Every structure is written in C-alpha cells, then in structure tokens.
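J.: Structure supplied as structure10.cif; contents: mmCIF, C-alpha atoms.
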data_target
#
loop_
_atom_site.group_PDB
_atom_site.id
_atom_site.type_symbol
_atom_site.label_atom_id
_atom_site.label_comp_id
_atom_site.auth_asym_id
_atom_site.auth_seq_id
_atom_site.Cartn_x
_atom_site.Cartn_y
_atom_site.Cartn_z
ATOM 1 C CA MET A 395 109.553 106.135 63.190
ATOM 2 C CA GLU A 396 110.848 105.989 66.727
ATOM 3 C CA ILE A 397 108.462 106.911 69.508
ATOM 4 C CA LYS A 398 109.899 108.142 72.803
ATOM 5 C CA ASN A 399 109.135 106.078 75.900
ATOM 6 C CA SER A 400 107.494 108.971 77.756
ATOM 7 C CA ILE A 401 105.057 109.489 74.876
ATOM 8 C CA ILE A 402 104.252 105.775 74.826
ATOM 9 C CA VAL A 403 103.560 105.707 78.562
ATOM 10 C CA GLN A 404 101.379 108.806 78.340
ATOM 11 C CA ARG A 405 99.344 107.418 75.437
ATOM 12 C CA VAL A 406 98.866 104.049 77.151
ATOM 13 C CA GLU A 407 97.671 105.804 80.321
ATOM 14 C CA GLU A 408 95.217 107.820 78.226
ATOM 15 C CA MET A 409 93.967 104.610 76.635
ATOM 16 C CA TYR A 410 93.408 103.028 80.056
ATOM 17 C CA LYS A 411 91.174 106.001 80.927
ATOM 18 C CA LYS A 412 89.473 106.073 77.527
ATOM 19 C CA TYR A 413 88.550 102.398 77.677
ATOM 20 C CA GLY A 414 87.454 102.438 81.319
ATOM 21 C CA VAL A 415 90.309 100.364 82.751
ATOM 22 C CA ASP A 416 91.235 100.948 86.401
ATOM 23 C CA LEU A 417 94.611 102.691 86.710
ATOM 24 C CA LYS A 418 95.690 100.885 89.917
ATOM 25 C CA PHE A 419 97.873 98.469 87.961
ATOM 26 C CA LEU A 420 99.708 101.296 86.158
ATOM 27 C CA GLU A 421 100.021 103.442 89.268
ATOM 28 C CA MET A 422 102.076 100.706 90.953
ATOM 29 C CA LEU A 423 104.741 100.940 88.237
ATOM 30 C CA ASP A 424 107.217 103.662 87.356
ATOM 31 C CA ASP A 425 107.729 104.548 83.681
ATOM 32 C CA GLU A 426 110.711 102.222 83.273
ATOM 33 C CA GLN A 427 108.736 99.288 84.665
ATOM 34 C CA LYS A 428 105.841 100.106 82.359
ATOM 35 C CA ILE A 429 108.146 100.032 79.338
ATOM 36 C CA LYS A 430 109.894 96.817 80.417
ATOM 37 C CA GLY A 431 106.551 95.176 81.131
ATOM 38 C CA MET A 432 104.703 96.587 78.142
ATOM 39 C CA LYS A 433 103.356 93.171 77.138
ATOM 40 C CA GLY A 434 101.602 92.882 80.506
ATOM 41 C CA VAL A 435 100.475 96.511 80.428
ATOM 42 C CA LEU A 436 98.864 95.982 77.011
ATOM 43 C CA ALA A 437 97.358 92.656 78.112
ATOM 44 C CA GLU A 438 95.750 94.336 81.138
ATOM 45 C CA LEU A 439 94.274 96.995 78.855
ATOM 46 C CA ASP A 440 92.974 94.441 76.384
ATOM 47 C CA LEU A 441 91.413 92.162 78.989
ATOM 48 C CA LYS A 442 89.643 94.924 80.907
ATOM 49 C CA LYS A 443 88.646 97.403 78.187
ATOM 50 C CA LYS A 444 84.960 98.356 78.196
ATOM 51 C CA SER A 445 84.677 99.033 74.438
ATOM 52 C CA ASP A 446 86.409 98.142 71.193
ATOM 53 C CA TYR A 447 89.572 99.952 70.138
ATOM 54 C CA THR A 448 89.429 102.706 67.557
ATOM 55 C CA SER A 449 91.445 102.018 64.415
ATOM 56 C CA ASP A 450 94.051 104.620 65.481
ATOM 57 C CA ASP A 451 94.475 103.015 68.891
ATOM 58 C CA LEU A 452 94.696 99.573 67.333
ATOM 59 C CA MET A 453 97.481 100.722 64.989
ATOM 60 C CA PHE A 454 99.321 102.284 67.944
ATOM 61 C CA ILE A 455 99.046 99.043 69.931
ATOM 62 C CA LYS A 456 100.355 97.013 66.985
ATOM 63 C CA GLU A 457 103.332 99.340 66.612
ATOM 64 C CA ILE A 458 104.130 99.312 70.332
ATOM 65 C CA TYR A 459 103.688 95.549 70.559
ATOM 66 C CA SER A 460 106.155 95.040 67.712
ATOM 67 C CA MET A 461 108.676 97.305 69.463
ATOM 68 C CA PHE A 462 108.520 95.792 72.955
ATOM 69 C CA CYS A 463 107.035 92.324 72.741
#
Output the file's structure in the form of structure tokens.

T.:
Amino acid sequence: MEIKNSIIVQRVEEMYKKYGVDLKFLEMLDDEQKIKGMKGVLAELDLKKKSDYTSDDLMFIKEIYSMFC
C-alpha cells in the first residue's frame, strides 16, 4: 500500500499535536523537507512525546520508517 506524501505529513503533524510535541521544528520545514528528513522528524516526535504511542500510531510509524529510513 502506497501512502501519499501529503497524507504522511498531515498525519505526522497530527501526531506531534496529539503527543504534545512543539510544532516549531516542523514549521521550519516545507513538506518536501519533512519527507526527505523523515528520520529526524520521527526522532523528534519520539524523543519529545508526552505519552506512549497508540498501537495504530506505532504501526504507522513502523510503516513510514521502513519507507523513508
């Protein structure tokens, strides 16, 4: 299943909000930079999250990580 980049970016932004991570890092990047730097984007989310991932979010992260990292 191929996921479009715009959907990935939107979902990652939603996860930043959901897990209480400041959006300043993401706001500095355009969508292309977010996709190219997805490993760093996911690392920022993981390091600064305020709660554990849901199983759905964890599966999404695994899928995205395997695509981009």

J.: So how far away is atom CA of A:Asp424 from atom CA of A:Tyr447, in Å?

T.: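 Computing it gives 24.9 Å between the two atoms.
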
J.: Evaluate the PyMOL selection byres ((chain A and resi 398-401) around 12) on the structure here and hand back the selected residues as a PyMOL selection string.

T.: chain A and resi 395-397+402-408+424-430+432+454+458+461-462

J.: Go ahead and compute the interatomic distance for atom CA of A:Tyr413 and atom CA of A:Ser460, in Å to one decimal.

T.: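 Answer for the atom CA of A:Tyr413 to atom CA of A:Ser460 separation: 21.5 Å.
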
J.: Residues near A:Phe419, anyone? I mean within 12 Å using all atoms listed in the file, not counting same-chain ones fewer than 2 positions away, as a list in words.

T.: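 So, after excluding close chain neighbours, the residues are Glu407, Tyr410, Val415, Asp416, Leu417, Glu421, Met422, Leu423, Asp424, Gln427, Lys428, Gly431, Gly434, Val435, Leu436, Ala437, Glu438, Leu439 and Lys442 of chain A.
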
J.: Taking all atoms of stretch 436-448 of chain A that the file lists, what box with edges along x, y and z, padded by 8 Å per side, do you get, with centre and edge lengths in Å to one decimal, as AutoDock Vina command-line options?

T.:
--center_x 91.8 --center_y 97.4 --center_z 74.3 --size_x 30.2 --size_y 26.5 --size_z 29.6

J.: Just give me the gap between atom CA of A:Gly414 and atom CA of A:Ser449 in Å, one decimal is fine.

T.: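 That distance, rounded to one decimal, is 17.4 Å.
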